[in-house]
$ cat model.csv   # CSV, C-alpha atoms and all ligand atoms
chain,number,residue,atom,x,y,z
A,1,MET,CA,50.3,64.7,34.6
A,2,ASN,CA,49.9,65.0,30.8
A,3,ALA,CA,47.3,67.7,31.3
A,4,THR,CA,49.8,69.5,33.5
A,5,ILE,CA,52.6,69.3,31.0
A,6,ARG,CA,50.4,70.4,28.1
A,7,ALA,CA,49.2,73.4,30.1
A,8,ALA,CA,52.7,74.4,31.3
A,9,VAL,CA,54.1,74.1,27.8
A,10,ARG,CA,51.4,76.1,26.1
A,11,GLN,CA,51.3,78.7,28.9
A,12,GLY,CA,55.1,79.1,28.4
A,13,LEU,CA,54.8,79.3,24.7
A,14,ALA,CA,52.2,82.0,25.1
A,15,ILE,CA,54.7,84.2,26.8
A,16,ASP,CA,57.4,83.3,24.2
A,17,ALA,CA,59.4,81.0,26.4
A,18,ARG,CA,61.4,78.1,25.0
A,19,MET,CA,60.0,75.0,26.6
A,20,VAL,CA,61.7,71.6,27.0
A,21,GLY,CA,60.7,68.5,28.9
A,22,PHE,CA,63.0,66.2,30.7
A,23,ARG,CA,62.5,62.5,30.3
A,24,HIS,CA,62.2,60.2,33.4
A,25,GLY,CA,62.2,62.9,36.0
A,26,PHE,CA,65.5,64.1,37.7
A,27,ASP,CA,67.4,61.4,35.9
A,28,GLY,CA,66.6,63.1,32.7
A,29,VAL,CA,68.1,66.4,34.1
A,30,ILE,CA,71.3,64.6,35.2
A,31,ASP,CA,71.7,62.9,31.8
A,32,ALA,CA,70.5,65.9,29.8
A,33,ASN,CA,67.9,63.7,28.4
A,34,TYR,CA,65.3,66.1,27.2
A,35,VAL,CA,63.0,67.1,24.3
A,36,GLU,CA,62.2,70.5,22.9
A,37,LEU,CA,58.4,71.0,23.3
A,38,ALA,CA,56.3,72.9,20.8
A,39,ALA,CA,52.5,73.4,20.9
A,40,ARG,CA,52.0,70.3,18.7
A,41,SER,CA,54.3,68.1,20.9
A,42,VAL,CA,51.7,68.2,23.6
A,43,GLY,CA,48.6,67.7,21.4
A,44,GLY,CA,46.4,64.7,22.0
A,45,ILE,CA,47.8,63.8,25.4
A,46,LEU,CA,45.1,65.4,27.6
A,47,ASP,CA,43.1,62.1,28.1
A,48,GLN,CA,46.1,59.8,28.5
A,49,GLY,CA,47.2,58.5,31.9
A,50,GLY,CA,50.8,58.5,33.1
A,51,THR,CA,53.2,61.0,31.5
A,52,PHE,CA,54.4,60.9,27.9
A,53,LEU,CA,57.8,62.2,29.2
A,54,GLY,CA,58.3,59.3,31.5
A,55,THR,CA,59.0,59.6,35.2
A,56,GLY,CA,61.2,57.9,37.8
A,57,ARG,CA,62.4,58.0,41.4
A,58,SER,CA,66.0,59.1,40.8
A,59,ARG,CA,68.5,57.6,43.2
A,60,ARG,CA,71.2,59.8,41.8
A,61,PHE,CA,69.4,63.0,42.4
A,62,ALA,CA,69.0,62.0,46.1
A,63,THR,CA,72.8,62.5,46.4
A,64,GLU,CA,74.6,65.8,46.6
A,65,GLU,CA,76.7,64.8,43.7
A,66,GLY,CA,73.7,64.1,41.5
A,67,GLN,CA,72.1,67.4,42.5
A,68,GLY,CA,75.3,69.2,41.5
A,69,ILE,CA,75.4,67.5,38.1
A,70,ALA,CA,71.7,68.3,37.6
A,71,LEU,CA,72.4,72.0,38.3
A,72,ASP,CA,75.4,72.1,36.0
A,73,GLN,CA,73.3,70.5,33.2
A,74,LEU,CA,70.5,73.0,33.6
A,75,ILE,CA,72.9,75.9,33.3
A,76,ALA,CA,74.8,74.3,30.4
A,77,LEU,CA,71.5,73.7,28.6
A,78,ASP,CA,70.6,77.4,29.1
A,79,ILE,CA,67.5,76.5,31.1
A,80,ASP,CA,66.6,79.1,33.7
A,81,HIS,CA,63.3,77.8,35.3
A,82,LEU,CA,62.0,74.4,36.2
A,83,VAL,CA,58.5,73.1,36.9
A,84,VAL,CA,58.6,69.8,38.9
A,85,ILE,CA,55.5,67.6,38.9
A,86,GLY,CA,55.2,64.9,41.5
A,87,GLY,CA,54.9,63.8,45.0
A,88,ASP,CA,56.9,64.3,48.2
A,89,GLY,CA,60.3,63.3,46.6
A,90,SER,CA,59.7,65.6,43.7
A,91,MET,CA,58.8,68.5,46.0
A,92,ARG,CA,62.0,67.9,48.0
A,93,GLY,CA,64.0,67.9,44.7
A,94,ALA,CA,62.4,71.2,43.6
A,95,HIS,CA,63.1,72.7,47.1
A,96,VAL,CA,66.8,71.6,46.8
A,97,LEU,CA,67.2,73.3,43.5
A,98,HIS,CA,65.5,76.5,44.8
A,99,THR,CA,67.8,76.6,47.9
A,100,GLN,CA,70.8,76.3,45.5
A,101,GLY,CA,69.6,79.4,43.7
A,102,PHE,CA,67.8,77.8,40.7
A,103,PRO,CA,64.3,79.0,40.1
A,104,ALA,CA,62.0,75.9,40.6
A,105,ILE,CA,58.3,75.5,41.3
A,106,GLY,CA,56.5,72.3,42.4
A,107,VAL,CA,53.2,71.0,41.1
A,108,PRO,CA,51.6,68.3,43.3
A,109,GLY,CA,51.0,65.1,41.4
A,110,THR,CA,50.4,61.9,43.3
A,111,ILE,CA,47.5,59.6,43.8
A,112,ASP,CA,48.2,59.7,47.6
A,113,ASN,CA,46.9,63.3,48.2
A,114,ASP,CA,49.4,63.4,51.0
A,115,LEU,CA,51.0,66.8,50.4
A,116,TRP,CA,50.7,69.7,52.8
A,117,GLY,CA,49.4,72.9,51.3
A,118,THR,CA,47.0,71.6,48.8
A,119,GLU,CA,43.5,70.1,49.2
A,120,ALA,CA,44.0,67.9,46.1
A,121,THR,CA,46.9,66.4,44.2
A,122,ILE,CA,46.8,65.6,40.5
A,123,GLY,CA,45.8,61.9,40.1
A,124,PHE,CA,44.0,61.5,43.4
A,125,ASP,CA,40.5,61.9,41.9
A,126,THR,CA,41.2,59.6,39.0
A,127,CYS,CA,42.6,57.0,41.4
A,128,LEU,CA,39.6,57.4,43.7
A,129,ASN,CA,37.2,56.8,40.8
A,130,THR,CA,39.1,53.7,39.8
A,131,ILE,CA,38.8,52.4,43.4
A,132,LEU,CA,35.1,53.2,43.5
A,133,ASP,CA,34.5,51.3,40.3
A,134,ALA,CA,36.4,48.3,41.8
A,135,VAL,CA,34.5,48.5,45.1
A,136,SER,CA,31.1,48.5,43.2
A,137,LYS,CA,32.2,45.4,41.3
A,138,LEU,CA,33.4,43.7,44.4
A,139,ARG,CA,30.1,44.6,46.1
A,140,ASP,CA,28.2,42.6,43.5
A,141,THR,CA,30.0,39.4,44.6
A,142,ALA,CA,29.8,40.4,48.3
A,143,SER,CA,26.1,40.9,48.1
A,144,ALA,CA,25.3,37.9,45.9
A,145,HIS,CA,27.3,35.5,48.2
A,146,ASP,CA,26.7,37.3,51.5
A,147,ARG,CA,30.5,37.7,51.9
A,148,VAL,CA,32.8,39.9,53.8
A,149,PHE,CA,35.3,41.7,51.5
A,150,VAL,CA,38.5,43.4,52.5
A,151,VAL,CA,39.8,45.8,49.9
A,152,GLU,CA,43.4,47.0,50.1
A,153,VAL,CA,44.2,50.4,48.4
A,154,MET,CA,47.4,52.3,47.9
A,155,GLY,CA,48.3,55.6,49.5
A,156,ARG,CA,51.7,55.0,51.0
A,157,GLU,CA,51.7,56.3,54.6
A,158,SER,CA,48.5,58.2,54.0
A,159,GLY,CA,44.9,57.1,54.6
A,160,GLU,CA,43.4,59.8,52.3
A,161,LEU,CA,42.7,57.4,49.5
A,162,ALA,CA,41.3,54.7,51.8
A,163,ALA,CA,39.1,57.0,53.8
A,164,ASN,CA,37.6,58.8,50.8
A,165,ALA,CA,37.2,55.5,48.9
A,166,ALA,CA,35.3,54.0,51.9
A,167,LEU,CA,33.1,57.1,52.1
A,168,GLY,CA,32.4,57.3,48.4
A,169,GLY,CA,32.1,53.6,48.0
A,170,GLY,CA,29.7,53.0,50.9
A,171,ALA,CA,32.1,50.7,52.7
A,172,ASP,CA,31.2,49.6,56.2
A,173,PHE,CA,34.6,50.2,57.9
A,174,VAL,CA,38.0,51.6,57.1
A,175,VAL,CA,41.4,51.2,58.6
A,176,VAL,CA,44.1,53.8,57.9
A,177,PRO,CA,47.6,54.5,59.1
A,178,GLU,CA,46.4,57.6,60.9
A,179,ALA,CA,44.2,55.5,63.2
A,180,PRO,CA,45.8,52.0,63.2
A,181,GLU,CA,43.9,51.1,66.5
A,182,GLU,CA,40.7,50.8,64.4
A,183,ARG,CA,42.1,47.5,63.0
A,184,SER,CA,41.4,45.7,66.3
A,185,LEU,CA,37.7,46.8,66.0
A,186,ALA,CA,37.2,45.4,62.6
A,187,ALA,CA,36.1,41.9,63.8
A,188,GLU,CA,33.6,43.5,66.3
A,189,HIS,CA,32.2,45.6,63.5
A,190,VAL,CA,31.7,42.6,61.2
A,191,SER,CA,29.9,40.8,64.0
A,192,TYR,CA,27.8,43.9,64.7
A,193,ASP,CA,26.9,44.1,61.0
A,194,HIS,CA,25.6,40.6,60.9
A,195,TRP,CA,23.8,41.0,64.2
A,196,ARG,CA,21.9,44.0,62.7
A,197,GLY,CA,21.0,42.1,59.6
A,198,LYS,CA,23.6,43.1,57.1
A,199,LEU,CA,24.5,40.1,55.0
A,200,HIS,CA,27.6,41.5,53.4
A,201,THR,CA,30.4,43.8,54.6
A,202,ILE,CA,33.0,45.9,52.7
A,203,ILE,CA,36.1,46.9,54.6
A,204,VAL,CA,38.7,49.2,53.0
A,205,VAL,CA,42.3,49.1,54.4
A,206,ALA,CA,45.1,51.4,53.5
A,207,GLU,CA,48.4,49.8,52.4
A,208,GLY,CA,50.2,52.0,54.9
A,209,CYS,CA,48.6,50.3,57.8
A,210,CYS,CA,47.9,46.7,57.1
A,211,ARG,CA,47.7,43.9,54.6
A,212,ALA,CA,44.2,42.9,53.4
A,213,ALA,CA,45.1,39.2,53.7
A,214,ASP,CA,46.0,39.7,57.4
A,215,VAL,CA,42.8,41.6,58.2
A,216,ALA,CA,40.7,39.0,56.3
A,217,ALA,CA,42.4,36.2,58.3
A,218,ASP,CA,41.5,38.0,61.6
A,219,LEU,CA,37.9,38.2,60.5
A,220,ALA,CA,37.2,34.6,59.8
A,221,GLU,CA,35.7,33.9,63.2
A,222,ALA,CA,33.7,37.2,63.5
A,223,ALA,CA,32.1,36.5,60.1
A,224,HIS,CA,29.9,33.8,61.7
A,225,GLY,CA,30.1,31.4,58.8
A,226,HIS,CA,30.1,34.1,56.1
A,227,GLU,CA,33.0,33.7,53.7
A,228,VAL,CA,35.7,36.3,53.8
A,229,ARG,CA,37.6,37.3,50.7
A,230,TYR,CA,40.2,40.0,50.1
A,231,SER,CA,41.4,41.9,47.1
A,232,VAL,CA,44.5,44.0,46.7
A,233,LEU,CA,43.8,46.5,43.9
A,234,GLY,CA,47.5,47.3,43.2
A,235,HIS,CA,48.7,49.3,40.2
A,236,ILE,CA,45.4,49.4,38.4
A,237,GLN,CA,44.8,52.3,40.7
A,238,ARG,CA,47.5,54.4,39.1
A,239,GLY,CA,46.6,54.3,35.4
A,240,GLY,CA,43.7,55.0,33.1
A,241,HIS,CA,42.1,58.1,31.6
A,242,PRO,CA,42.3,61.0,33.9
A,243,SER,CA,39.0,62.2,35.4
A,244,ALA,CA,37.5,65.6,34.4
A,245,ARG,CA,38.5,67.0,37.8
A,246,ASP,CA,42.1,65.8,37.4
A,247,ARG,CA,42.4,67.2,33.8
A,248,ILE,CA,41.1,70.6,35.0
A,249,LEU,CA,43.3,70.6,38.1
A,250,GLY,CA,46.4,69.6,36.0
A,251,ALA,CA,45.6,72.3,33.5
A,252,ARG,CA,45.2,75.0,36.1
A,253,MET,CA,48.2,74.0,38.1
A,254,GLY,CA,50.5,73.6,35.1
A,255,ALA,CA,49.6,77.1,33.8
A,256,ALA,CA,49.8,78.6,37.3
A,257,ALA,CA,53.3,77.2,37.8
A,258,VAL,CA,54.6,78.8,34.6
A,259,GLU,CA,52.8,82.1,35.4
A,260,ALA,CA,54.4,82.1,38.9
A,261,LEU,CA,57.9,81.5,37.4
A,262,ALA,CA,57.4,84.2,34.9
A,263,GLU,CA,56.5,86.6,37.8
A,264,GLY,CA,59.8,85.7,39.5
A,265,ALA,CA,58.4,83.3,42.1
A,266,SER,CA,60.5,80.3,43.1
A,267,GLY,CA,60.6,77.8,46.0
A,268,VAL,CA,56.8,77.4,46.0
A,269,MET,CA,54.3,74.7,45.2
A,270,ILE,CA,51.0,75.4,43.5
A,271,GLY,CA,48.3,74.3,45.9
A,272,LEU,CA,44.6,74.1,45.6
A,273,GLN,CA,42.9,76.0,48.4
A,274,ALA,CA,39.2,76.8,48.4
A,275,GLU,CA,39.1,76.2,44.6
A,276,SER,CA,41.9,78.8,44.1
A,277,MET,CA,45.5,78.3,42.9
A,278,GLU,CA,47.8,79.3,45.7
A,279,ARG,CA,51.6,79.5,46.0
A,280,VAL,CA,52.7,77.7,49.1
A,281,PRO,CA,56.4,77.6,50.3
A,282,LEU,CA,58.1,74.4,49.4
A,283,ALA,CA,60.0,74.7,52.7
A,284,ASP,CA,56.6,74.2,54.4
A,285,VAL,CA,55.5,71.5,52.0
A,286,VAL,CA,58.5,69.3,52.8
A,287,THR,CA,58.4,69.8,56.5
A,288,ASN,CA,54.8,69.7,57.4
A,289,LYS,CA,52.5,66.7,57.4
A,290,LYS,CA,49.1,67.0,55.9
A,291,ALA,CA,46.3,66.9,58.5
A,292,PHE,CA,44.1,63.9,58.3
A,293,ASP,CA,40.4,64.4,58.9
A,294,ARG,CA,39.5,61.6,61.4
A,295,GLY,CA,35.9,62.7,61.1
A,296,LEU,CA,35.8,60.8,57.8
A,297,LEU,CA,36.3,57.5,59.7
A,298,ASP,CA,33.3,58.1,61.9
A,299,LEU,CA,31.2,59.2,59.0
A,300,VAL,CA,31.9,56.0,57.2
A,301,LYS,CA,30.6,54.1,60.2
A,302,THR,CA,27.6,56.2,60.7
A,303,LEU,CA,26.6,56.0,57.0
A,304,ALA,CA,27.1,52.2,57.0
A,305,LEU,CA,24.1,51.9,59.3
B,1,LIG,O1,53.2,57.3,45.9
B,1,LIG,C1,52.3,56.8,44.9
B,1,LIG,C2,52.2,55.3,45.0
B,1,LIG,O2,51.3,54.9,44.0
B,1,LIG,C3,51.8,54.8,46.4
B,1,LIG,O3,50.4,54.9,46.6
B,1,LIG,C4,52.3,53.3,46.2
B,1,LIG,O4,52.6,52.8,47.5
B,1,LIG,C5,53.6,53.5,45.4
B,1,LIG,O5,53.4,54.7,44.7
B,1,LIG,C6,53.8,52.4,44.5
B,1,LIG,O6,55.1,52.6,43.9
B,1,LIG,P1,55.7,51.6,42.9
B,1,LIG,O7,55.0,51.7,41.6
B,1,LIG,O8,57.1,52.0,42.8
B,1,LIG,O9,55.5,50.2,43.5

$ encode --input "model.csv" --output "structure tokens"
Amino acid sequence: MNATIRAAVRQGLAIDARMVGFRHGFDGVIDANYVELAARSVGGILDQGGTFLGTGRSRRFATEEGQGIALDQLIALDIDHLVVIGGDGSMRGAHVLHTQGFPAIGVPGTIDNDLWGTEATIGFDTCLNTILDAVSKLRDTASAHDRVFVVEVMGRESGELAANAALGGGADFVVVPEAPEERSLAAEHVSYDHWRGKLHTIIVVAEGCCRAADVAADLAEAAHGHEVRYSVLGHIQRGGHPSARDRILGARMGAAAVEALAEGASGVMIGLQAESMERVPLADVVTNKKAFDRGLLDLVKTLAL
């Protein structure tokens, strides 16, 4: 997100706009908690995780009253365009402002990669790399001790993180919310792994579908004497230095958002489509569900041969 803010600010300054940043998301707009941003204010942040402005899931902005206060504040502060970076809730917020006549543009920033209209969201790649690093480390124990490991990853209601982590991490099996029925096949898969001579097994589960502890408990019998362990990766998945891909994506999206506002666009989200920055209607982003590629699940199994 820092790369996105830096790009938006500098792109704005390049066209002589006055740039400000609200602290802690929509709460900052409601409270008029903001900072003036100059070119130097966003220096040295490109490689930092999180956001130097702070963020938050505003309960107040979820109410009509809060939205009204936010609009009044924006007008009182003489602000005439807003770039909103975040996940589903943020895109809904940007859409609300747009429908109330305030020019707003969304930039998709969430580790979940669950937004319609973009092939990637800012943070997804960094998170995926963190998960792959963890899976590699867990594999060392799994292979040294001939164990079964169940790894639980984030992603809210989406299996994007889990499926891609399983594929990139060489896991043997993955369970995601988009295909919850697979969970009942996990035990059979572990037995099959051992039958065909695999001495350790890695299973990735998405938090939106099941708890690693429950899946691990179900596997005890199928593991034929091999010990089963589980690991919940938790919030380490959300932090750390952003990957090259995320920095570049954040930079491109932040600049594209300001360019779009300067050209009079509003009510759109900047999406990555076929390596290009596209403007997709926020109305579609907030109503459509991103399609999940179930082929990833089969590929994980095939490649685990
Ligand atoms: O939506 C991003 C996300 O990291 C989810 O993957 C996760 O379930 C959630 O946020 C965690 O939120 P919190 O930090 O509020 O517990």

$ residues_around --input "model.csv" --residues "Val205 in chain A" --least-positions-apart "2" --cutoff "7 Å" --atoms "only C-alpha atoms" --output "JSON, numbers by chain"
{"A": [151, 152, 153, 162, 174, 175, 176, 203, 207, 210, 212]}

$ closest_atom_pairs --input "model.csv" --of "range 68-178 of chain A" --to "range 277-296 of chain A" --cutoff "8 Å" --atoms "all atoms listed in the file" --output "CSV"
residue,atom,partner,partner_atom,distance
A:Asp88,CA,A:Val286,CA,7.0
A:Met91,CA,A:Leu282,CA,6.8
A:Arg92,CA,A:Val286,CA,6.1
A:Ala94,CA,A:Leu282,CA,7.9
A:His95,CA,A:Leu282,CA,5.8
A:Gly106,CA,A:Leu282,CA,7.5
A:Asp114,CA,A:Lys290,CA,6.1
A:Leu115,CA,A:Lys290,CA,5.8
A:Trp116,CA,A:Lys290,CA,4.4
A:Gly117,CA,A:Val280,CA,6.2
A:Gly159,CA,A:Phe292,CA,7.8
A:Glu160,CA,A:Phe292,CA,7.3
A:Ala163,CA,A:Leu296,CA,6.4
A:Asn164,CA,A:Leu296,CA,7.5
A:Leu167,CA,A:Leu296,CA,7.3
A:Glu178,CA,A:Phe292,CA,7.2

$ residues_near_ligand --input "model.csv" --ligand "ligand LIG 1 (chain B)" --cutoff "8 Å" --atoms "only C-alpha atoms and all ligand atoms" --output "ChimeraX atom specification"
/A:87,110-112,153-157,207-208,235,237-238

$ residues_around --input "model.csv" --residues "range 118-130 of chain A" --least-positions-apart "3" --cutoff "7 Å" --atoms "only C-alpha atoms" --output "ChimeraX atom specification"
/A:1,108-113,115,133-134,161,165,237-238,242-243,245-246,249-250,271-273

$ atom_distance --input "model.csv" --atom1 "CA of Leu13 in chain A" --atom2 "CA of Asn33 in chain A"
20.7 Å

$ closest_residue --input "model.csv" --among "A:Val204, A:Gln48, A:His226, A:Glu263" --to "Gly240 in chain A" --atoms "all atoms listed in the file"
A:Gln48

$ atom_distance --input "model.csv" --atom1 "CA of Ala32 in chain A" --atom2 "CA of Arg252 in chain A"
27.6 Å

$ decode --input "model.csv" --residues "range 168-202 of chain A" --atoms "N, CA and C atoms" --output "mmCIF file, in the first residue's frame"
data_model
loop_
_atom_site.group_PDB
_atom_site.id
_atom_site.type_symbol
_atom_site.label_atom_id
_atom_site.label_comp_id
_atom_site.auth_asym_id
_atom_site.auth_seq_id
_atom_site.Cartn_x
_atom_site.Cartn_y
_atom_site.Cartn_z
ATOM 1 N N GLY A 168 2.242 -23.352 -5.766
ATOM 2 C CA GLY A 168 3.612 -22.835 -5.732
ATOM 3 C C GLY A 168 4.471 -23.523 -4.685
ATOM 4 N N GLY A 169 3.835 -24.033 -3.635
ATOM 5 C CA GLY A 169 4.590 -24.647 -2.543
ATOM 6 C C GLY A 169 4.718 -26.152 -2.674
ATOM 7 N N GLY A 170 4.181 -26.705 -3.753
ATOM 8 C CA GLY A 170 4.284 -28.146 -3.976
ATOM 9 C C GLY A 170 3.531 -28.963 -2.942
ATOM 10 N N ALA A 171 2.408 -28.432 -2.468
ATOM 11 C CA ALA A 171 1.603 -29.198 -1.498
ATOM 12 C C ALA A 171 0.931 -30.368 -2.207
ATOM 13 N N ASP A 172 0.477 -31.331 -1.414
ATOM 14 C CA ASP A 172 -0.126 -32.529 -1.992
ATOM 15 C C ASP A 172 -1.628 -32.395 -2.172
ATOM 16 N N PHE A 173 -2.217 -31.498 -1.395
ATOM 17 C CA PHE A 173 -3.678 -31.416 -1.393
ATOM 18 C C PHE A 173 -4.072 -30.048 -0.863
ATOM 19 N N VAL A 174 -5.221 -29.553 -1.311
ATOM 20 C CA VAL A 174 -5.660 -28.238 -0.839
ATOM 21 C C VAL A 174 -7.171 -28.251 -0.655
ATOM 22 N N VAL A 175 -7.628 -27.584 0.386
ATOM 23 C CA VAL A 175 -9.071 -27.480 0.619
ATOM 24 C C VAL A 175 -9.429 -25.994 0.677
ATOM 25 N N VAL A 176 -10.407 -25.603 -0.148
ATOM 26 C CA VAL A 176 -10.792 -24.184 -0.251
ATOM 27 C C VAL A 176 -12.303 -24.040 -0.103
ATOM 28 N N PRO A 177 -12.768 -22.825 0.232
ATOM 29 C CA PRO A 177 -14.217 -22.627 0.399
ATOM 30 C C PRO A 177 -15.000 -22.871 -0.887
ATOM 31 N N GLU A 178 -14.342 -22.682 -2.034
ATOM 32 C CA GLU A 178 -15.046 -22.865 -3.313
ATOM 33 C C GLU A 178 -15.298 -24.346 -3.610
ATOM 34 N N ALA A 179 -14.613 -25.246 -2.896
ATOM 35 C CA ALA A 179 -14.805 -26.687 -3.115
ATOM 36 C C ALA A 179 -14.703 -27.401 -1.763
ATOM 37 N N PRO A 180 -15.618 -27.093 -0.835
ATOM 38 C CA PRO A 180 -15.503 -27.631 0.528
ATOM 39 C C PRO A 180 -15.616 -29.149 0.582
ATOM 40 N N GLU A 181 -16.250 -29.726 -0.454
ATOM 41 C CA GLU A 181 -16.418 -31.195 -0.480
ATOM 42 C C GLU A 181 -15.076 -31.919 -0.519
ATOM 43 N N GLU A 182 -14.039 -31.224 -0.951
ATOM 44 C CA GLU A 182 -12.714 -31.854 -1.033
ATOM 45 C C GLU A 182 -12.210 -32.272 0.351
ATOM 46 N N ARG A 183 -12.711 -31.583 1.366
ATOM 47 C CA ARG A 183 -12.211 -31.871 2.715
ATOM 48 C C ARG A 183 -12.398 -33.347 3.071
ATOM 49 N N SER A 184 -13.520 -33.909 2.675
ATOM 50 C CA SER A 184 -13.794 -35.302 3.050
ATOM 51 C C SER A 184 -12.861 -36.263 2.307
ATOM 52 N N LEU A 185 -12.153 -35.753 1.282
ATOM 53 C CA LEU A 185 -11.245 -36.625 0.521
ATOM 54 C C LEU A 185 -9.808 -36.554 1.042
ATOM 55 N N ALA A 186 -9.576 -35.657 2.010
ATOM 56 C CA ALA A 186 -8.198 -35.444 2.474
ATOM 57 C C ALA A 186 -7.607 -36.726 3.076
ATOM 58 N N ALA A 187 -8.404 -37.429 3.885
ATOM 59 C CA ALA A 187 -7.891 -38.642 4.545
ATOM 60 C C ALA A 187 -7.518 -39.690 3.498
ATOM 61 N N GLU A 188 -8.406 -39.839 2.520
ATOM 62 C CA GLU A 188 -8.156 -40.807 1.448
ATOM 63 C C GLU A 188 -6.857 -40.438 0.721
ATOM 64 N N HIS A 189 -6.663 -39.149 0.533
ATOM 65 C CA HIS A 189 -5.478 -38.690 -0.184
ATOM 66 C C HIS A 189 -4.201 -39.003 0.606
ATOM 67 N N VAL A 190 -4.270 -38.803 1.918
ATOM 68 C CA VAL A 190 -3.090 -39.091 2.751
ATOM 69 C C VAL A 190 -2.776 -40.593 2.689
ATOM 70 N N SER A 191 -3.813 -41.435 2.784
ATOM 71 C CA SER A 191 -3.595 -42.886 2.695
ATOM 72 C C SER A 191 -2.951 -43.240 1.362
ATOM 73 N N TYR A 192 -3.483 -42.612 0.316
ATOM 74 C CA TYR A 192 -2.978 -42.871 -1.034
ATOM 75 C C TYR A 192 -1.507 -42.449 -1.147
ATOM 76 N N ASP A 193 -1.191 -41.299 -0.556
ATOM 77 C CA ASP A 193 0.198 -40.818 -0.561
ATOM 78 C C ASP A 193 1.119 -41.872 0.047
ATOM 79 N N HIS A 194 0.699 -42.411 1.188
ATOM 80 C CA HIS A 194 1.560 -43.376 1.862
ATOM 81 C C HIS A 194 1.633 -44.685 1.094
ATOM 82 N N TRP A 195 0.526 -45.062 0.493
ATOM 83 C CA TRP A 195 0.493 -46.291 -0.297
ATOM 84 C C TRP A 195 1.471 -46.215 -1.463
ATOM 85 N N ARG A 196 1.573 -45.016 -2.067
ATOM 86 C CA ARG A 196 2.465 -44.896 -3.230
ATOM 87 C C ARG A 196 3.874 -44.455 -2.829
ATOM 88 N N GLY A 197 4.173 -44.553 -1.535
ATOM 89 C CA GLY A 197 5.558 -44.366 -1.103
ATOM 90 C C GLY A 197 5.954 -42.978 -0.666
ATOM 91 N N LYS A 198 4.971 -42.076 -0.569
ATOM 92 C CA LYS A 198 5.330 -40.742 -0.076
ATOM 93 C C LYS A 198 5.409 -40.800 1.438
ATOM 94 N N LEU A 199 6.465 -40.286 1.989
ATOM 95 C CA LEU A 199 6.637 -40.405 3.439
ATOM 96 C C LEU A 199 6.153 -39.182 4.186
ATOM 97 N N HIS A 200 5.958 -38.095 3.461
ATOM 98 C CA HIS A 200 5.377 -36.925 4.126
ATOM 99 C C HIS A 200 4.369 -36.263 3.192
ATOM 100 N N THR A 201 3.449 -35.564 3.809
ATOM 101 C CA THR A 201 2.366 -34.944 3.035
ATOM 102 C C THR A 201 2.143 -33.525 3.550
ATOM 103 N N ILE A 202 1.940 -32.601 2.631
ATOM 104 C CA ILE A 202 1.592 -31.216 3.019
ATOM 105 C C ILE A 202 0.193 -30.923 2.474
#
